[in-house]
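Quick look at run-v4.csv (CSV, N, CA and C atoms):
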```csv
chain,number,residue,atom,x,y,z
K,1,MET,N,0.8,-1.2,0.0
K,1,MET,CA,0.0,0.0,0.0
K,1,MET,C,0.9,1.2,0.0
K,2,ALA,N,0.3,2.4,-0.4
K,2,ALA,CA,1.0,3.6,-0.5
K,2,ALA,C,0.3,4.7,0.2
K,3,ALA,N,1.0,5.8,0.5
K,3,ALA,CA,0.4,7.0,1.1
K,3,ALA,C,-0.7,7.5,0.1
K,4,GLY,N,-1.8,7.8,0.6
K,4,GLY,CA,-2.9,8.3,-0.3
K,4,GLY,C,-3.9,7.2,-0.6
K,5,ASP,N,-3.5,5.9,-0.5
K,5,ASP,CA,-4.4,4.8,-0.7
K,5,ASP,C,-5.6,4.9,0.3
K,6,ILE,N,-6.8,4.5,-0.2
K,6,ILE,CA,-8.0,4.5,0.6
K,6,ILE,C,-8.3,3.0,1.0
K,7,LEU,N,-8.6,2.8,2.3
K,7,LEU,CA,-9.1,1.5,2.7
K,7,LEU,C,-10.6,1.5,2.7
K,8,LYS,N,-11.2,0.4,2.3
K,8,LYS,CA,-12.6,0.4,2.3
K,8,LYS,C,-13.2,0.3,3.7
K,9,ASP,N,-14.4,0.6,3.8
K,9,ASP,CA,-15.1,0.6,5.1
K,9,ASP,C,-15.0,-0.8,5.7
K,10,GLU,N,-14.4,-0.9,6.9
K,10,GLU,CA,-14.3,-2.2,7.6
K,10,GLU,C,-15.1,-2.3,8.9
K,11,ARG,N,-15.9,-1.2,9.1
K,11,ARG,CA,-16.6,-1.1,10.4
K,11,ARG,C,-17.6,-2.3,10.5
K,12,GLU,N,-17.8,-2.7,11.8
K,12,GLU,CA,-18.7,-3.8,12.1
K,12,GLU,C,-19.3,-3.6,13.4
K,13,LYS,N,-20.7,-3.7,13.4
K,13,LYS,CA,-21.4,-3.6,14.7
K,13,LYS,C,-21.4,-4.9,15.4
K,14,LEU,N,-21.0,-4.9,16.7
K,14,LEU,CA,-20.9,-6.1,17.5
K,14,LEU,C,-21.7,-5.8,18.8
K,15,GLN,N,-21.9,-6.9,19.6
K,15,GLN,CA,-22.6,-6.8,20.9
K,15,GLN,C,-21.7,-7.4,21.9
K,16,ASP,N,-21.5,-6.7,23.0
K,16,ASP,CA,-20.7,-7.2,24.1
K,16,ASP,C,-21.5,-8.3,24.8
K,17,PRO,N,-20.9,-9.5,24.9
K,17,PRO,CA,-21.7,-10.7,25.5
K,17,PRO,C,-22.0,-10.5,26.9
K,18,GLN,N,-21.2,-9.7,27.7
K,18,GLN,CA,-21.5,-9.6,29.1
K,18,GLN,C,-22.5,-8.5,29.4
K,19,THR,N,-22.4,-7.4,28.7
K,19,THR,CA,-23.3,-6.3,29.0
K,19,THR,C,-24.5,-6.1,28.0
K,20,GLY,N,-24.4,-6.7,26.8
K,20,GLY,CA,-25.4,-6.6,25.8
K,20,GLY,C,-25.3,-5.3,25.0
K,21,ARG,N,-24.4,-4.5,25.4
K,21,ARG,CA,-24.3,-3.1,24.7
K,21,ARG,C,-23.7,-3.3,23.3
K,22,GLU,N,-24.2,-2.5,22.4
K,22,GLU,CA,-23.7,-2.6,21.0
K,22,GLU,C,-22.5,-1.6,20.9
K,23,TYR,N,-21.5,-2.0,20.1
K,23,TYR,CA,-20.3,-1.1,19.9
K,23,TYR,C,-19.9,-1.4,18.4
K,24,THR,N,-19.1,-0.5,17.9
K,24,THR,CA,-18.6,-0.5,16.5
K,24,THR,C,-17.1,-0.8,16.5
K,25,ARG,N,-16.7,-1.9,15.9
K,25,ARG,CA,-15.3,-2.1,15.7
K,25,ARG,C,-14.9,-1.4,14.4
K,26,LEU,N,-13.9,-0.6,14.4
K,26,LEU,CA,-13.6,0.3,13.2
K,26,LEU,C,-12.8,-0.4,12.1
K,27,THR,N,-11.9,-1.4,12.5
K,27,THR,CA,-11.2,-2.1,11.5
K,27,THR,C,-11.2,-3.6,11.8
K,28,LYS,N,-11.0,-4.4,10.7
K,28,LYS,CA,-11.0,-5.9,10.9
K,28,LYS,C,-9.7,-6.4,11.5
K,29,THR,N,-8.6,-5.7,11.3
K,29,THR,CA,-7.3,-6.1,11.9
K,29,THR,C,-7.2,-5.7,13.3
K,30,SER,N,-6.6,-6.5,14.1
K,30,SER,CA,-6.3,-6.2,15.5
K,30,SER,C,-4.9,-5.6,15.7
K,31,ARG,N,-4.3,-5.3,14.6
K,31,ARG,CA,-2.9,-4.7,14.6
K,31,ARG,C,-2.9,-3.2,14.5
K,32,ASN,N,-3.8,-2.6,15.4
K,32,ASN,CA,-3.9,-1.1,15.4
K,32,ASN,C,-3.5,-0.6,16.8
K,33,LYS,N,-3.1,0.6,16.8
K,33,LYS,CA,-2.8,1.3,18.0
K,33,LYS,C,-3.2,2.8,17.9
K,34,HIS,N,-3.8,3.3,19.0
K,34,HIS,CA,-4.1,4.7,19.0
K,34,HIS,C,-2.8,5.5,19.4
K,35,LEU,N,-2.8,6.8,19.2
K,35,LEU,CA,-1.6,7.5,19.6
K,35,LEU,C,-1.6,7.7,21.1
K,36,TYR,N,-0.6,8.3,21.6
K,36,TYR,CA,-0.4,8.4,23.0
K,36,TYR,C,-1.7,8.8,23.7
K,37,LEU,N,-1.9,8.3,24.9
K,37,LEU,CA,-3.1,8.5,25.7
K,37,LEU,C,-3.6,9.9,25.8
K,38,TYR,N,-2.7,10.9,25.9
K,38,TYR,CA,-3.1,12.3,26.2
K,38,TYR,C,-3.1,13.1,24.9
K,39,VAL,N,-3.0,12.5,23.7
K,39,VAL,CA,-3.0,13.2,22.5
K,39,VAL,C,-4.4,13.0,21.9
K,40,ASN,N,-5.1,14.0,21.6
K,40,ASN,CA,-6.4,13.9,20.9
K,40,ASN,C,-6.3,13.5,19.5
K,41,THR,N,-6.8,12.4,19.1
K,41,THR,CA,-6.6,11.9,17.8
K,41,THR,C,-7.9,12.1,16.9
K,42,PHE,N,-8.8,12.8,17.5
K,42,PHE,CA,-10.0,13.2,16.7
K,42,PHE,C,-9.9,14.6,16.2
K,43,ASP,N,-10.5,14.9,15.1
K,43,ASP,CA,-10.5,16.3,14.6
K,43,ASP,C,-11.9,16.8,14.6
K,44,THR,N,-12.1,18.1,14.2
K,44,THR,CA,-13.4,18.7,14.2
K,44,THR,C,-14.3,18.2,13.0
K,45,ARG,N,-13.8,17.4,12.1
K,45,ARG,CA,-14.5,17.0,11.0
K,45,ARG,C,-15.0,15.5,11.1
K,46,GLY,N,-14.9,15.0,12.4
K,46,GLY,CA,-15.3,13.6,12.6
K,46,GLY,C,-14.4,12.5,12.1
K,47,ARG,N,-13.1,12.8,12.2
K,47,ARG,CA,-12.1,11.8,11.7
K,47,ARG,C,-11.2,11.5,12.9
K,48,ILE,N,-10.6,10.3,12.8
K,48,ILE,CA,-9.6,9.8,13.8
K,48,ILE,C,-8.3,9.4,13.1
K,49,ILE,N,-7.2,9.7,13.8
K,49,ILE,CA,-5.9,9.3,13.3
K,49,ILE,C,-5.5,8.1,14.1
K,50,PHE,N,-5.0,7.0,13.5
K,50,PHE,CA,-4.5,5.8,14.2
K,50,PHE,C,-3.4,5.2,13.4
K,51,VAL,N,-2.7,4.3,14.1
K,51,VAL,CA,-1.5,3.6,13.5
K,51,VAL,C,-2.0,2.2,13.3
K,52,SER,N,-1.6,1.6,12.2
K,52,SER,CA,-2.0,0.2,11.9
K,52,SER,C,-0.9,-0.5,11.2
K,53,GLU,N,-0.7,-1.7,11.5
K,53,GLU,CA,0.3,-2.6,10.8
K,53,GLU,C,-0.4,-3.4,9.8
K,54,ARG,N,-0.1,-3.1,8.5
K,54,ARG,CA,-0.7,-3.8,7.4
K,54,ARG,C,0.5,-4.1,6.4
K,55,ASP,N,0.5,-5.2,5.9
K,55,ASP,CA,1.6,-5.6,5.0
K,55,ASP,C,3.0,-5.5,5.7
K,56,GLY,N,3.0,-5.7,7.0
K,56,GLY,CA,4.2,-5.7,7.8
K,56,GLY,C,4.9,-4.4,8.0
K,57,HIS,N,4.1,-3.3,7.8
K,57,HIS,CA,4.7,-2.0,8.0
K,57,HIS,C,3.7,-1.1,8.9
K,58,LEU,N,4.2,-0.4,9.8
K,58,LEU,CA,3.4,0.5,10.6
K,58,LEU,C,3.2,1.8,9.9
K,59,ASN,N,2.0,2.3,9.7
K,59,ASN,CA,1.7,3.5,9.0
K,59,ASN,C,0.6,4.2,9.7
K,60,TYR,N,0.5,5.5,9.5
K,60,TYR,CA,-0.6,6.4,10.0
K,60,TYR,C,-1.7,6.4,9.0
K,61,TYR,N,-2.9,6.4,9.6
K,61,TYR,CA,-4.2,6.4,8.8
K,61,TYR,C,-5.1,7.5,9.4
K,62,ARG,N,-6.0,8.0,8.5
K,62,ARG,CA,-7.0,9.0,9.0
K,62,ARG,C,-8.3,8.4,8.5
K,63,MET,N,-9.2,8.1,9.5
K,63,MET,CA,-10.5,7.5,9.1
K,63,MET,C,-11.6,8.5,9.3
K,64,ASP,N,-12.5,8.6,8.3
K,64,ASP,CA,-13.7,9.4,8.4
K,64,ASP,C,-14.7,8.5,9.1
K,65,LEU,N,-15.2,8.9,10.3
K,65,LEU,CA,-16.0,8.0,11.1
K,65,LEU,C,-17.4,7.9,10.6
K,66,GLU,N,-17.8,8.8,9.7
K,66,GLU,CA,-19.2,8.8,9.1
K,66,GLU,C,-19.2,7.7,8.0
K,67,THR,N,-18.1,7.7,7.2
K,67,THR,CA,-18.1,6.8,6.0
K,67,THR,C,-17.4,5.5,6.2
K,68,GLY,N,-16.5,5.5,7.2
K,68,GLY,CA,-15.6,4.3,7.5
K,68,GLY,C,-14.4,4.2,6.6
K,69,GLN,N,-14.3,5.1,5.6
K,69,GLN,CA,-13.1,5.1,4.7
K,69,GLN,C,-11.9,5.7,5.5
K,70,ALA,N,-10.7,5.0,5.3
K,70,ALA,CA,-9.5,5.5,5.9
K,70,ALA,C,-8.5,5.7,4.8
K,71,MET,N,-7.7,6.8,4.9
K,71,MET,CA,-6.6,7.1,4.0
K,71,MET,C,-5.3,6.9,4.7
K,72,GLN,N,-4.4,6.2,4.0
K,72,GLN,CA,-3.1,6.0,4.5
K,72,GLN,C,-2.3,7.3,4.3
K,73,LEU,N,-1.7,7.8,5.4
K,73,LEU,CA,-1.0,9.0,5.4
K,73,LEU,C,0.5,8.9,5.3
K,74,THR,N,1.1,7.8,5.7
K,74,THR,CA,2.5,7.6,5.6
K,74,THR,C,2.8,6.4,4.8
K,75,GLN,N,4.1,6.3,4.4
K,75,GLN,CA,4.5,5.1,3.6
K,75,GLN,C,5.9,4.6,4.2
K,76,GLU,N,5.8,3.8,5.2
K,76,GLU,CA,7.0,3.3,5.8
K,76,GLU,C,7.5,2.1,5.0
K,77,THR,N,8.8,2.0,4.9
K,77,THR,CA,9.4,0.9,4.2
K,77,THR,C,10.1,-0.2,5.0
K,78,GLU,N,10.4,0.2,6.3
K,78,GLU,CA,11.1,-0.7,7.2
K,78,GLU,C,10.0,-1.6,7.9
K,79,SER,N,10.4,-2.8,8.1
K,79,SER,CA,9.5,-3.7,8.8
K,79,SER,C,9.4,-3.3,10.3
K,80,ALA,N,8.2,-3.4,10.8
K,80,ALA,CA,7.9,-3.0,12.2
K,80,ALA,C,6.9,-3.9,12.8
K,81,SER,N,6.8,-3.9,14.1
K,81,SER,CA,5.8,-4.7,14.7
K,81,SER,C,5.2,-4.0,15.9
K,82,LEU,N,3.9,-4.2,16.1
K,82,LEU,CA,3.2,-3.7,17.3
K,82,LEU,C,3.3,-4.7,18.4
K,83,SER,N,3.9,-4.3,19.5
K,83,SER,CA,4.0,-5.3,20.6
K,83,SER,C,3.4,-4.7,21.9
```
Full structure transcribed into structure tokens:
Amino acid sequence: MAAGDILKDEREKLQDPQTGREYTRLTKTSRNKHLYLYVNTFDTRGRIIFVSERDGHLNYYRMDLETGQAMQLTQETESASLS
């Protein structure tokens, strides 16, 4: 993938088995991380910035929470891993 590429909507509505509350999982991969706890990753246009490991590389993405589409913002070439 390359910077500027758009990921299709991966959102999925799920229900917590213990509480019965509905929530939305934003991506299908579990290889995501939010930015540092005290950094606001949401903007005034309803978008969130997150880090995801896809194709073995960590990159930044910006997702429109209304449409579910995410744009890759960076293009790392070195292998990295979320641990």
> Can you tell me, as a count of residues only, what residues are no more than 6 Å from segment 47-62 of chain K when counting only N, CA and C atoms, ignoring any on the same chain fewer than 5 positions away?
Replying inline: 18
> Restricting the calculation to all atoms listed in the file, which member of K:Thr29, K:Thr67, K:Asn40, K:Thr24 is positioned closest to Glu12 of chain K?
Replying inline: K:Thr24
> If you measure from atom CA of Asp64 of chain K to atom CA of Gln18 of chain K, what distance in Å do you get, rounded to one decimal?
Replying inline: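 These two atoms are separated by 29.2 Å.
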>> I'd like the interatomic distance between atom C of Arg45 of chain K and atom CA of Thr77 of chain K, to a tenth of an Å.
In response: 29.3 Å
> Running DSSP on the backbone, which parts of chain K land in strand (DSSP E or B), as number ranges by chain?
Replying inline: K: 6-7, 12-15, 22-25, 32-33, 42, 47-54, 57-64, 70-72
>> I'd like the interatomic distance between atom CA of Tyr38 of chain K and atom CA of Lys8 of chain K, to a tenth of an Å.
In response: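 Rounded to one decimal, the two atoms are 28.3 Å apart.
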>> I'd like the neighbourhood of Leu14 of chain K as a PyMOL selection string, where a residue qualifies if any of its atoms comes within 9 Å (using only C-alpha atoms), though same-chain residues fewer than 4 positions away should be ignored.
In response: chain K and resi 21-25
